[in-house]
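Peer 1: What follows is start_33.cif; its format and atoms are mmCIF, N, CA and C atoms.
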```
data_entry
loop_
_atom_site.label_atom_id
_atom_site.label_comp_id
_atom_site.auth_asym_id
_atom_site.auth_seq_id
_atom_site.Cartn_x
_atom_site.Cartn_y
_atom_site.Cartn_z
N MET I 6 196.69 205.14 105.34
CA MET I 6 197.49 205.45 106.50
C MET I 6 198.96 205.30 106.14
N ILE I 7 199.76 206.20 106.66
CA ILE I 7 201.20 206.15 106.46
C ILE I 7 201.84 205.69 107.77
N GLN I 8 202.62 204.64 107.71
CA GLN I 8 203.35 204.14 108.88
C GLN I 8 204.83 204.28 108.56
N ARG I 9 205.56 204.97 109.44
CA ARG I 9 206.96 205.23 109.14
C ARG I 9 207.81 205.19 110.40
N PHE I 10 208.98 204.55 110.26
CA PHE I 10 209.96 204.56 111.34
C PHE I 10 210.65 205.91 111.37
N ILE I 11 210.82 206.44 112.55
CA ILE I 11 211.59 207.67 112.75
C ILE I 11 212.75 207.28 113.65
N GLU I 12 213.94 207.26 113.06
CA GLU I 12 215.11 206.82 113.82
C GLU I 12 215.65 207.97 114.66
N ILE I 13 215.67 207.74 115.95
CA ILE I 13 216.18 208.74 116.88
C ILE I 13 217.69 208.58 117.02
N GLY I 14 218.17 207.38 116.91
CA GLY I 14 219.59 207.09 117.03
C GLY I 14 219.78 205.61 117.25
N GLN I 15 220.89 205.26 117.87
CA GLN I 15 221.16 203.85 118.11
C GLN I 15 221.06 203.46 119.57
N GLY I 16 220.56 204.36 120.39
CA GLY I 16 220.27 203.96 121.76
C GLY I 16 221.32 204.30 122.78
N TYR I 17 222.24 205.16 122.45
CA TYR I 17 223.24 205.56 123.44
C TYR I 17 222.62 206.68 124.26
N SER I 18 223.05 207.89 124.14
CA SER I 18 222.42 208.98 124.92
C SER I 18 221.06 209.35 124.33
N ASP I 19 220.82 209.00 123.08
CA ASP I 19 219.54 209.36 122.45
C ASP I 19 218.37 208.53 122.99
N ILE I 20 218.65 207.51 123.78
CA ILE I 20 217.54 206.75 124.38
C ILE I 20 216.70 207.65 125.28
N TYR I 21 217.34 208.67 125.85
CA TYR I 21 216.60 209.59 126.72
C TYR I 21 215.55 210.36 125.92
N GLU I 22 215.84 210.65 124.67
CA GLU I 22 214.86 211.31 123.81
C GLU I 22 213.69 210.36 123.52
N LEU I 23 214.00 209.09 123.26
CA LEU I 23 212.95 208.10 123.04
C LEU I 23 212.04 208.01 124.25
N LEU I 24 212.62 207.97 125.43
CA LEU I 24 211.83 207.88 126.66
C LEU I 24 210.97 209.13 126.84
N GLU I 25 211.50 210.29 126.51
CA GLU I 25 210.72 211.54 126.62
C GLU I 25 209.53 211.55 125.66
N VAL I 26 209.74 211.02 124.47
CA VAL I 26 208.63 210.92 123.51
C VAL I 26 207.50 210.11 124.13
N GLY I 27 207.85 208.99 124.74
CA GLY I 27 206.83 208.15 125.37
C GLY I 27 206.15 208.82 126.54
N ARG I 28 206.92 209.50 127.37
CA ARG I 28 206.34 210.15 128.56
C ARG I 28 205.48 211.36 128.20
N ASN I 29 205.96 212.15 127.24
CA ASN I 29 205.25 213.38 126.90
C ASN I 29 204.04 213.16 126.01
N GLN I 30 203.95 211.99 125.39
CA GLN I 30 202.79 211.69 124.54
C GLN I 30 202.17 210.36 124.96
N LYS I 31 202.12 210.13 126.27
CA LYS I 31 201.65 208.83 126.77
C LYS I 31 200.26 208.47 126.29
N HIS I 32 199.43 209.48 126.03
CA HIS I 32 198.07 209.22 125.54
C HIS I 32 198.07 208.65 124.13
N ARG I 33 199.18 208.77 123.41
CA ARG I 33 199.26 208.27 122.03
C ARG I 33 200.05 206.97 121.90
N VAL I 34 200.72 206.52 122.96
CA VAL I 34 201.54 205.31 122.86
C VAL I 34 200.64 204.09 122.67
N ALA I 35 200.85 203.40 121.56
CA ALA I 35 200.07 202.20 121.25
C ALA I 35 200.78 200.94 121.73
N ARG I 36 202.10 200.86 121.47
CA ARG I 36 202.86 199.67 121.82
C ARG I 36 204.32 200.04 122.10
N LEU I 37 204.94 199.19 122.90
CA LEU I 37 206.39 199.26 123.13
C LEU I 37 206.98 197.95 122.62
N LEU I 38 208.02 198.06 121.80
CA LEU I 38 208.62 196.88 121.18
C LEU I 38 210.10 196.79 121.49
N ALA I 39 210.58 195.58 121.66
CA ALA I 39 212.01 195.29 121.72
C ALA I 39 212.28 194.28 120.62
N MET I 40 213.06 194.70 119.62
CA MET I 40 213.37 193.85 118.48
C MET I 40 214.80 193.36 118.63
N HIS I 41 214.96 192.06 118.83
CA HIS I 41 216.27 191.47 119.09
C HIS I 41 216.87 190.92 117.79
N THR I 42 218.19 191.07 117.66
CA THR I 42 218.90 190.54 116.51
C THR I 42 220.35 190.30 116.87
N THR I 43 221.12 189.81 115.91
CA THR I 43 222.56 189.59 116.11
C THR I 43 223.31 190.23 114.96
N ILE I 44 224.32 191.03 115.31
CA ILE I 44 225.19 191.67 114.31
C ILE I 44 226.63 191.35 114.69
N ASN I 45 227.36 190.70 113.77
CA ASN I 45 228.76 190.33 114.03
C ASN I 45 228.90 189.58 115.36
N ASP I 46 228.07 188.59 115.56
CA ASP I 46 228.08 187.76 116.78
C ASP I 46 227.75 188.53 118.05
N LYS I 47 227.24 189.72 117.92
CA LYS I 47 226.86 190.54 119.08
C LYS I 47 225.34 190.62 119.14
N LYS I 48 224.77 190.24 120.27
CA LYS I 48 223.32 190.27 120.44
C LYS I 48 222.90 191.69 120.84
N VAL I 49 222.06 192.31 119.98
CA VAL I 49 221.64 193.69 120.19
C VAL I 49 220.12 193.81 120.07
N THR I 50 219.62 194.93 120.55
CA THR I 50 218.18 195.18 120.56
C THR I 50 217.88 196.57 120.05
N SER I 51 216.79 196.67 119.29
CA SER I 51 216.22 197.95 118.90
C SER I 51 214.99 198.18 119.78
N LEU I 52 214.87 199.38 120.31
CA LEU I 52 213.70 199.73 121.11
C LEU I 52 212.80 200.64 120.28
N VAL I 53 211.49 200.36 120.32
CA VAL I 53 210.54 201.07 119.47
C VAL I 53 209.34 201.49 120.29
N ILE I 54 208.91 202.73 120.06
CA ILE I 54 207.62 203.20 120.58
C ILE I 54 206.71 203.41 119.39
N VAL I 55 205.63 202.65 119.33
CA VAL I 55 204.63 202.77 118.27
C VAL I 55 203.54 203.70 118.78
N MET I 56 203.28 204.76 118.04
CA MET I 56 202.26 205.73 118.43
C MET I 56 200.94 205.43 117.73
N GLU I 57 199.86 205.89 118.31
CA GLU I 57 198.56 205.85 117.63
C GLU I 57 198.62 206.79 116.43
N PRO I 58 197.89 206.50 115.37
CA PRO I 58 197.89 207.39 114.20
C PRO I 58 197.32 208.76 114.54
N THR I 59 197.83 209.77 113.85
CA THR I 59 197.30 211.12 114.01
C THR I 59 195.90 211.19 113.40
N ASP I 60 195.12 212.11 113.91
CA ASP I 60 193.78 212.34 113.35
C ASP I 60 193.52 213.84 113.39
N PRO I 61 193.48 214.50 112.26
CA PRO I 61 193.50 213.97 110.90
C PRO I 61 194.92 213.62 110.46
N GLY I 62 195.03 213.08 109.28
CA GLY I 62 196.31 212.79 108.67
C GLY I 62 196.64 211.32 108.58
N LYS I 63 196.20 210.52 109.56
CA LYS I 63 196.44 209.07 109.55
C LYS I 63 197.92 208.75 109.36
N PHE I 64 198.79 209.45 110.11
CA PHE I 64 200.22 209.18 110.10
C PHE I 64 200.57 208.46 111.40
N GLN I 65 201.18 207.28 111.29
CA GLN I 65 201.54 206.50 112.47
C GLN I 65 203.05 206.39 112.57
N PRO I 66 203.66 207.17 113.49
CA PRO I 66 205.11 207.09 113.64
C PRO I 66 205.53 205.93 114.53
N LEU I 67 206.68 205.37 114.22
CA LEU I 67 207.31 204.34 115.04
C LEU I 67 208.70 204.87 115.38
N TYR I 68 208.87 205.38 116.57
CA TYR I 68 210.14 205.95 117.00
C TYR I 68 211.07 204.81 117.40
N ILE I 69 212.30 204.83 116.89
CA ILE I 69 213.21 203.70 117.10
C ILE I 69 214.62 204.16 117.47
N CYS I 70 215.22 203.43 118.39
CA CYS I 70 216.67 203.46 118.64
C CYS I 70 217.16 202.13 118.10
N ARG I 71 217.89 202.18 116.98
CA ARG I 71 218.18 200.97 116.20
C ARG I 71 219.49 200.29 116.56
N GLU I 72 219.36 199.07 117.05
CA GLU I 72 220.45 198.10 117.17
C GLU I 72 221.67 198.57 117.96
N GLY I 73 221.48 199.46 118.90
CA GLY I 73 222.62 199.93 119.68
C GLY I 73 222.57 199.55 121.15
N ILE I 74 221.54 198.84 121.55
CA ILE I 74 221.36 198.48 122.95
C ILE I 74 221.66 196.99 123.09
N PRO I 75 222.46 196.61 124.07
CA PRO I 75 222.72 195.17 124.25
C PRO I 75 221.41 194.42 124.54
N ASN I 76 221.30 193.23 123.98
CA ASN I 76 220.13 192.40 124.25
C ASN I 76 220.11 192.10 125.75
N PRO I 77 219.02 192.45 126.44
CA PRO I 77 218.99 192.29 127.89
C PRO I 77 219.02 190.83 128.35
N HIS I 78 218.69 189.91 127.46
CA HIS I 78 218.73 188.49 127.82
C HIS I 78 220.17 187.96 127.77
N ALA I 79 221.05 188.67 127.06
CA ALA I 79 222.46 188.29 126.99
C ALA I 79 223.30 189.11 127.96
N THR I 80 222.97 190.41 128.07
CA THR I 80 223.72 191.33 128.92
C THR I 80 222.76 192.31 129.58
N LYS I 81 222.62 192.22 130.88
CA LYS I 81 221.77 193.18 131.59
C LYS I 81 222.36 194.57 131.38
N ASN I 82 221.48 195.57 131.20
CA ASN I 82 221.98 196.93 130.99
C ASN I 82 220.97 197.98 131.43
N LYS I 83 221.49 199.12 131.79
CA LYS I 83 220.68 200.21 132.35
C LYS I 83 219.74 200.79 131.29
N ARG I 84 220.17 200.85 130.05
CA ARG I 84 219.32 201.45 129.01
C ARG I 84 218.04 200.64 128.82
N TYR I 85 218.14 199.32 128.83
CA TYR I 85 216.93 198.51 128.71
C TYR I 85 216.07 198.64 129.97
N GLU I 86 216.72 198.73 131.12
CA GLU I 86 215.97 198.92 132.37
C GLU I 86 215.17 200.21 132.34
N LEU I 87 215.73 201.26 131.74
CA LEU I 87 214.99 202.52 131.61
C LEU I 87 213.74 202.34 130.74
N PHE I 88 213.87 201.53 129.70
CA PHE I 88 212.71 201.24 128.83
C PHE I 88 211.67 200.42 129.60
N GLU I 89 212.13 199.48 130.42
CA GLU I 89 211.21 198.72 131.26
C GLU I 89 210.49 199.64 132.25
N ASN I 90 211.21 200.62 132.79
CA ASN I 90 210.58 201.59 133.69
C ASN I 90 209.49 202.38 132.96
N LEU I 91 209.76 202.77 131.71
CA LEU I 91 208.75 203.46 130.92
C LEU I 91 207.53 202.58 130.73
N ALA I 92 207.75 201.30 130.44
CA ALA I 92 206.64 200.36 130.26
C ALA I 92 205.78 200.30 131.52
N GLU I 93 206.41 200.31 132.68
CA GLU I 93 205.66 200.31 133.94
C GLU I 93 204.87 201.59 134.11
N GLU I 94 205.52 202.73 133.83
CA GLU I 94 204.85 204.03 133.95
C GLU I 94 203.62 204.10 133.06
N LEU I 95 203.74 203.57 131.85
CA LEU I 95 202.65 203.65 130.87
C LEU I 95 201.67 202.48 130.98
N ASP I 96 202.00 201.53 131.83
CA ASP I 96 201.19 200.32 132.00
C ASP I 96 200.99 199.61 130.66
N ARG I 97 202.11 199.43 129.94
CA ARG I 97 202.11 198.75 128.65
C ARG I 97 203.17 197.64 128.70
N PRO I 98 202.87 196.49 128.15
CA PRO I 98 203.90 195.43 128.09
C PRO I 98 204.91 195.75 126.99
N ILE I 99 206.10 195.21 127.13
CA ILE I 99 207.09 195.29 126.06
C ILE I 99 206.94 194.02 125.22
N ILE I 100 206.63 194.19 123.96
CA ILE I 100 206.49 193.07 123.04
C ILE I 100 207.87 192.78 122.46
N GLU I 101 208.35 191.58 122.65
CA GLU I 101 209.68 191.20 122.19
C GLU I 101 209.57 190.29 120.97
N ILE I 102 210.32 190.64 119.93
CA ILE I 102 210.35 189.81 118.73
C ILE I 102 211.79 189.73 118.20
N ASP I 103 212.09 188.64 117.55
CA ASP I 103 213.39 188.46 116.90
C ASP I 103 213.26 188.85 115.44
N VAL I 104 214.21 189.64 114.95
CA VAL I 104 214.18 190.11 113.56
C VAL I 104 215.56 189.97 112.93
N LYS I 105 215.60 190.10 111.61
CA LYS I 105 216.88 190.11 110.90
C LYS I 105 217.59 191.43 111.19
N PRO I 106 218.91 191.46 111.10
CA PRO I 106 219.63 192.72 111.30
C PRO I 106 219.54 193.62 110.07
N SER I 107 219.66 194.90 110.29
CA SER I 107 219.56 195.87 109.20
C SER I 107 220.70 195.74 108.20
N VAL I 108 221.84 195.18 108.62
CA VAL I 108 222.99 195.06 107.72
C VAL I 108 222.73 194.11 106.56
N LEU I 109 221.67 193.30 106.64
CA LEU I 109 221.33 192.39 105.53
C LEU I 109 220.60 193.09 104.40
N PHE I 110 220.26 194.36 104.58
CA PHE I 110 219.49 195.10 103.59
C PHE I 110 220.36 196.16 102.93
N ALA I 111 220.16 196.35 101.63
CA ALA I 111 220.97 197.31 100.87
C ALA I 111 220.73 198.74 101.33
N GLU I 112 219.50 199.03 101.76
CA GLU I 112 219.14 200.38 102.22
C GLU I 112 218.34 200.26 103.50
N ILE I 113 218.49 201.22 104.37
CA ILE I 113 217.78 201.20 105.65
C ILE I 113 216.27 201.29 105.43
N GLU I 114 215.86 201.97 104.38
CA GLU I 114 214.42 202.09 104.10
C GLU I 114 213.81 200.73 103.77
N LEU I 115 214.55 199.88 103.09
CA LEU I 115 214.08 198.52 102.81
C LEU I 115 213.94 197.71 104.10
N TYR I 116 214.87 197.92 105.01
CA TYR I 116 214.80 197.26 106.32
C TYR I 116 213.53 197.68 107.06
N TYR I 117 213.26 198.97 107.06
CA TYR I 117 212.08 199.46 107.76
C TYR I 117 210.79 198.96 107.10
N GLN I 118 210.76 198.85 105.77
CA GLN I 118 209.60 198.28 105.09
C GLN I 118 209.42 196.82 105.50
N HIS I 119 210.50 196.09 105.62
CA HIS I 119 210.47 194.69 106.06
C HIS I 119 209.87 194.60 107.47
N LEU I 120 210.34 195.46 108.39
CA LEU I 120 209.82 195.44 109.75
C LEU I 120 208.34 195.80 109.81
N ILE I 121 207.92 196.78 109.03
CA ILE I 121 206.50 197.15 108.99
C ILE I 121 205.66 195.97 108.52
N GLY I 122 206.15 195.23 107.53
CA GLY I 122 205.44 194.04 107.07
C GLY I 122 205.31 193.00 108.18
N ILE I 123 206.38 192.77 108.92
CA ILE I 123 206.33 191.82 110.04
C ILE I 123 205.34 192.29 111.10
N LEU I 124 205.37 193.58 111.41
CA LEU I 124 204.47 194.11 112.45
C LEU I 124 203.01 194.04 112.01
N ARG I 125 202.74 194.28 110.74
CA ARG I 125 201.36 194.15 110.24
C ARG I 125 200.91 192.69 110.28
N MET I 126 201.79 191.80 109.84
CA MET I 126 201.45 190.38 109.80
C MET I 126 201.11 189.85 111.20
N ASN I 127 201.82 190.34 112.21
CA ASN I 127 201.58 189.92 113.58
C ASN I 127 200.52 190.78 114.29
N ARG I 128 199.91 191.67 113.52
CA ARG I 128 198.83 192.53 114.02
C ARG I 128 199.26 193.50 115.13
N TYR I 129 200.53 193.87 115.10
CA TYR I 129 201.02 194.91 116.01
C TYR I 129 200.80 196.29 115.39
N LEU I 130 200.58 196.30 114.08
CA LEU I 130 200.21 197.52 113.34
C LEU I 130 198.95 197.21 112.54
N PRO I 131 198.07 198.21 112.41
CA PRO I 131 196.88 197.96 111.58
C PRO I 131 197.27 197.90 110.11
N PRO I 132 196.52 197.15 109.32
CA PRO I 132 196.78 197.12 107.88
C PRO I 132 196.43 198.45 107.25
N LEU I 133 196.95 198.68 106.08
CA LEU I 133 196.60 199.91 105.36
C LEU I 133 195.15 199.84 104.92
N GLY I 134 194.56 201.00 104.82
CA GLY I 134 193.18 200.99 104.32
C GLY I 134 192.28 201.93 105.02
#
```
Step by step, read the file and then write its structure as structure tokens.
Peer 2:
Amino acid sequence: MIQRFIEIGQGYSDIYELLEVGRNQKHRVARLLAMHTTINDKKVTSLVIVMEPTDPGKFQPLYICREGIPNPHATKNKRYELFENLAEELDRPIIEIDVKPSVLFAEIELYYQHLIGILRMNRYLPPLG
């Protein structure tokens, strides 16, 4: 199985695209994630929609708006509220986890590999095989 992050943007106007992905493919949504971190003393959140793997092909996309949304526990904001509304529509909880910021990694692909490892370890993603 191939598991890959697909970055939609950083969560400004592109959050609407993330929400549309979830609404238009609600039958494939496996999980909704909010990954919290701190960059330059600013508390931010990445929002992720984890899809069920394709069949055939065994490709599991993780659509992400990376680190551009204020952490809702530090600053209430409309963009996170929209994600909460999607969670209600889909009847899925938002799983919240704290992660390292992407700026600590030399390449964004290494950051995404790190996140996939964390998600597998916590059983939010199935192991390869």
Peer 1: Running the PyMOL selection byres (((chain I and resi 78-85 and name CA) around 9) and name CA) on this model by hand, what would come out? Give it as a list in words.
Peer 2: Gly16, Tyr17, Ile20, Tyr21, Lys48, Val49, Thr50, Leu52, Ile74, Pro75, Asn76, Pro77, Glu86, Leu87, Phe88, Glu89 and Asn90 of chain I
Peer 1: Could you save those same residues with N, CA and C atoms as a PDB file, keeping the file's coordinate frame?
Peer 2:
```pdb
ATOM      1  N   GLY I  16     220.560 204.360 120.390  1.00  0.00           N
ATOM      2  CA  GLY I  16     220.270 203.960 121.760  1.00  0.00           C
ATOM      3  C   GLY I  16     221.320 204.300 122.780  1.00  0.00           C
ATOM      4  N   TYR I  17     222.240 205.160 122.450  1.00  0.00           N
ATOM      5  CA  TYR I  17     223.240 205.560 123.440  1.00  0.00           C
ATOM      6  C   TYR I  17     222.620 206.680 124.260  1.00  0.00           C
ATOM      7  N   ILE I  20     218.650 207.510 123.780  1.00  0.00           N
ATOM      8  CA  ILE I  20     217.540 206.750 124.380  1.00  0.00           C
ATOM      9  C   ILE I  20     216.700 207.650 125.280  1.00  0.00           C
ATOM     10  N   TYR I  21     217.340 208.670 125.850  1.00  0.00           N
ATOM     11  CA  TYR I  21     216.600 209.590 126.720  1.00  0.00           C
ATOM     12  C   TYR I  21     215.550 210.360 125.920  1.00  0.00           C
ATOM     13  N   LYS I  48     224.770 190.240 120.270  1.00  0.00           N
ATOM     14  CA  LYS I  48     223.320 190.270 120.440  1.00  0.00           C
ATOM     15  C   LYS I  48     222.900 191.690 120.840  1.00  0.00           C
ATOM     16  N   VAL I  49     222.060 192.310 119.980  1.00  0.00           N
ATOM     17  CA  VAL I  49     221.640 193.690 120.190  1.00  0.00           C
ATOM     18  C   VAL I  49     220.120 193.810 120.070  1.00  0.00           C
ATOM     19  N   THR I  50     219.620 194.930 120.550  1.00  0.00           N
ATOM     20  CA  THR I  50     218.180 195.180 120.560  1.00  0.00           C
ATOM     21  C   THR I  50     217.880 196.570 120.050  1.00  0.00           C
ATOM     22  N   LEU I  52     214.870 199.380 120.310  1.00  0.00           N
ATOM     23  CA  LEU I  52     213.700 199.730 121.110  1.00  0.00           C
ATOM     24  C   LEU I  52     212.800 200.640 120.280  1.00  0.00           C
ATOM     25  N   ILE I  74     221.540 198.840 121.550  1.00  0.00           N
ATOM     26  CA  ILE I  74     221.360 198.480 122.950  1.00  0.00           C
ATOM     27  C   ILE I  74     221.660 196.990 123.090  1.00  0.00           C
ATOM     28  N   PRO I  75     222.460 196.610 124.070  1.00  0.00           N
ATOM     29  CA  PRO I  75     222.720 195.170 124.250  1.00  0.00           C
ATOM     30  C   PRO I  75     221.410 194.420 124.540  1.00  0.00           C
ATOM     31  N   ASN I  76     221.300 193.230 123.980  1.00  0.00           N
ATOM     32  CA  ASN I  76     220.130 192.400 124.250  1.00  0.00           C
ATOM     33  C   ASN I  76     220.110 192.100 125.750  1.00  0.00           C
ATOM     34  N   PRO I  77     219.020 192.450 126.440  1.00  0.00           N
ATOM     35  CA  PRO I  77     218.990 192.290 127.890  1.00  0.00           C
ATOM     36  C   PRO I  77     219.020 190.830 128.350  1.00  0.00           C
ATOM     37  N   GLU I  86     216.720 198.730 131.120  1.00  0.00           N
ATOM     38  CA  GLU I  86     215.970 198.920 132.370  1.00  0.00           C
ATOM     39  C   GLU I  86     215.170 200.210 132.340  1.00  0.00           C
ATOM     40  N   LEU I  87     215.730 201.260 131.740  1.00  0.00           N
ATOM     41  CA  LEU I  87     214.990 202.520 131.610  1.00  0.00           C
ATOM     42  C   LEU I  87     213.740 202.340 130.740  1.00  0.00           C
ATOM     43  N   PHE I  88     213.870 201.530 129.700  1.00  0.00           N
ATOM     44  CA  PHE I  88     212.710 201.240 128.830  1.00  0.00           C
ATOM     45  C   PHE I  88     211.670 200.420 129.600  1.00  0.00           C
ATOM     46  N   GLU I  89     212.130 199.480 130.420  1.00  0.00           N
ATOM     47  CA  GLU I  89     211.210 198.720 131.260  1.00  0.00           C
ATOM     48  C   GLU I  89     210.490 199.640 132.250  1.00  0.00           C
ATOM     49  N   ASN I  90     211.210 200.620 132.790  1.00  0.00           N
ATOM     50  CA  ASN I  90     210.580 201.590 133.690  1.00  0.00           C
ATOM     51  C   ASN I  90     209.490 202.380 132.960  1.00  0.00           C
TER      52      ASN I  90
END
```
Peer 1: So that I can check the surroundings of I:Gly27, please list as a list of chain:residue names every protein, DNA and RNA residue that reaches within 8 Å of it, counting only C-alpha atoms and ignoring chain neighbours fewer than 6 positions away.
Peer 2: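 Near neighbours after the sequence-gap exclusion: I:Val34, I:Ile54, I:Leu91.
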Peer 1: Would you list, as an NGL selection string, the residues of stretch 21-134 of chain I that end up in strand (DSSP E or B) under DSSP run on this structure's backbone?
Peer 2: :I and (34-44 or 47-56 or 64-75 or 99-103)
Peer 1: Rounded to one decimal in Å, what is the spacing between atom CA of I:Ser107 and atom CA of I:Glu93?
Peer 2: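 Taking atom CA of I:Ser107 and atom CA of I:Glu93, their separation equals 28.7 Å.
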Peer 1: Go ahead and find all residues with at least one atom no further than 6.5 Å from (227.0, 201.1, 117.8) in the file's coordinates, using all atoms listed in the file; report them as a PyMOL selection string.
Peer 2: chain I and resi 15+72-73
Peer 1: With N, CA and C atoms retained, could you export that selection as a compact mmCIF listing (two decimals), in the coordinates of the input?
Peer 2:
```txt
# COMPACT_ATOMS: atom_id res chain seq x y z
N GLN I 15 220.89 205.26 117.87
CA GLN I 15 221.16 203.85 118.11
C GLN I 15 221.06 203.46 119.57
N GLU I 72 219.36 199.07 117.05
CA GLU I 72 220.45 198.10 117.17
C GLU I 72 221.67 198.57 117.96
N GLY I 73 221.48 199.46 118.90
CA GLY I 73 222.62 199.93 119.68
C GLY I 73 222.57 199.55 121.15
```
Peer 1: Just give me the gap between atom CA of I:Glu112 and atom C of I:Pro61 in Å, one decimal is fine.
Peer 2: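 Taking atom CA of I:Glu112 and atom C of I:Pro61, their separation equals 28.8 Å.
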Peer 1: Report the distance between atom CA of I:Val55 and atom N of I:Ala39 in Å, rounded to one decimal place.
Peer 2: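 Separating atom CA of I:Val55 from atom N of I:Ala39 is a distance of 9.9 Å.
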Peer 1: Starting from 5 Å padding per side, set up an axis-aligned box that covers all listed atoms of stretch 60-64 of chain I and hand over centre and edge lengths in Å, one decimal, as JSON.
Peer 2:
```
{"center_x": 197.0, "center_y": 211.5, "center_z": 111.2, "size_x": 17.1, "size_y": 16.0, "size_z": 15.3}
```
Peer 1: I:Leu23, I:Ala111, I:Ile121, I:Ile100: which is nearest I:Met40, counting all atoms listed in the file?
Peer 2: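 Of I:Leu23, I:Ala111, I:Ile121, I:Ile100, the one nearest I:Met40, counting all atoms listed in the file, is I:Ile100.
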Peer 1: Ranking I:Phe10, I:Tyr129, I:Val108, I:Leu24 by minimum distance to I:Ile44 and counting only N, CA and C atoms, which one comes first?
Peer 2: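 The closest residue to I:Ile44 is I:Val108.
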Peer 1: Considering only C-alpha atoms, state which residue in the set I:Pro132, I:Gln65, I:Lys31, I:Asp46 is at the smallest distance from I:Arg97.
Peer 2: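 Comparing I:Pro132, I:Gln65, I:Lys31, I:Asp46 against I:Arg97, the winner is I:Lys31.
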Peer 1: Quick one: which residues end up in the PyMOL selection byres ((chain I and resi 57) around 7) for this structure, as a list in words?
Peer 2: His32, Arg33, Val34, Ala35, Arg36, Val55, Met56, Pro58, Thr59, Asp60, Phe64, Gln65 and Pro66 of chain I
Peer 1: In file coordinates, which residues lie within 7 Å of (199.1, 202.3, 107.3) using only N, CA and C atoms, given as JSON, numbers by chain?
Peer 2: {"I": [6, 7, 8, 63, 65, 131, 132, 133, 134]}
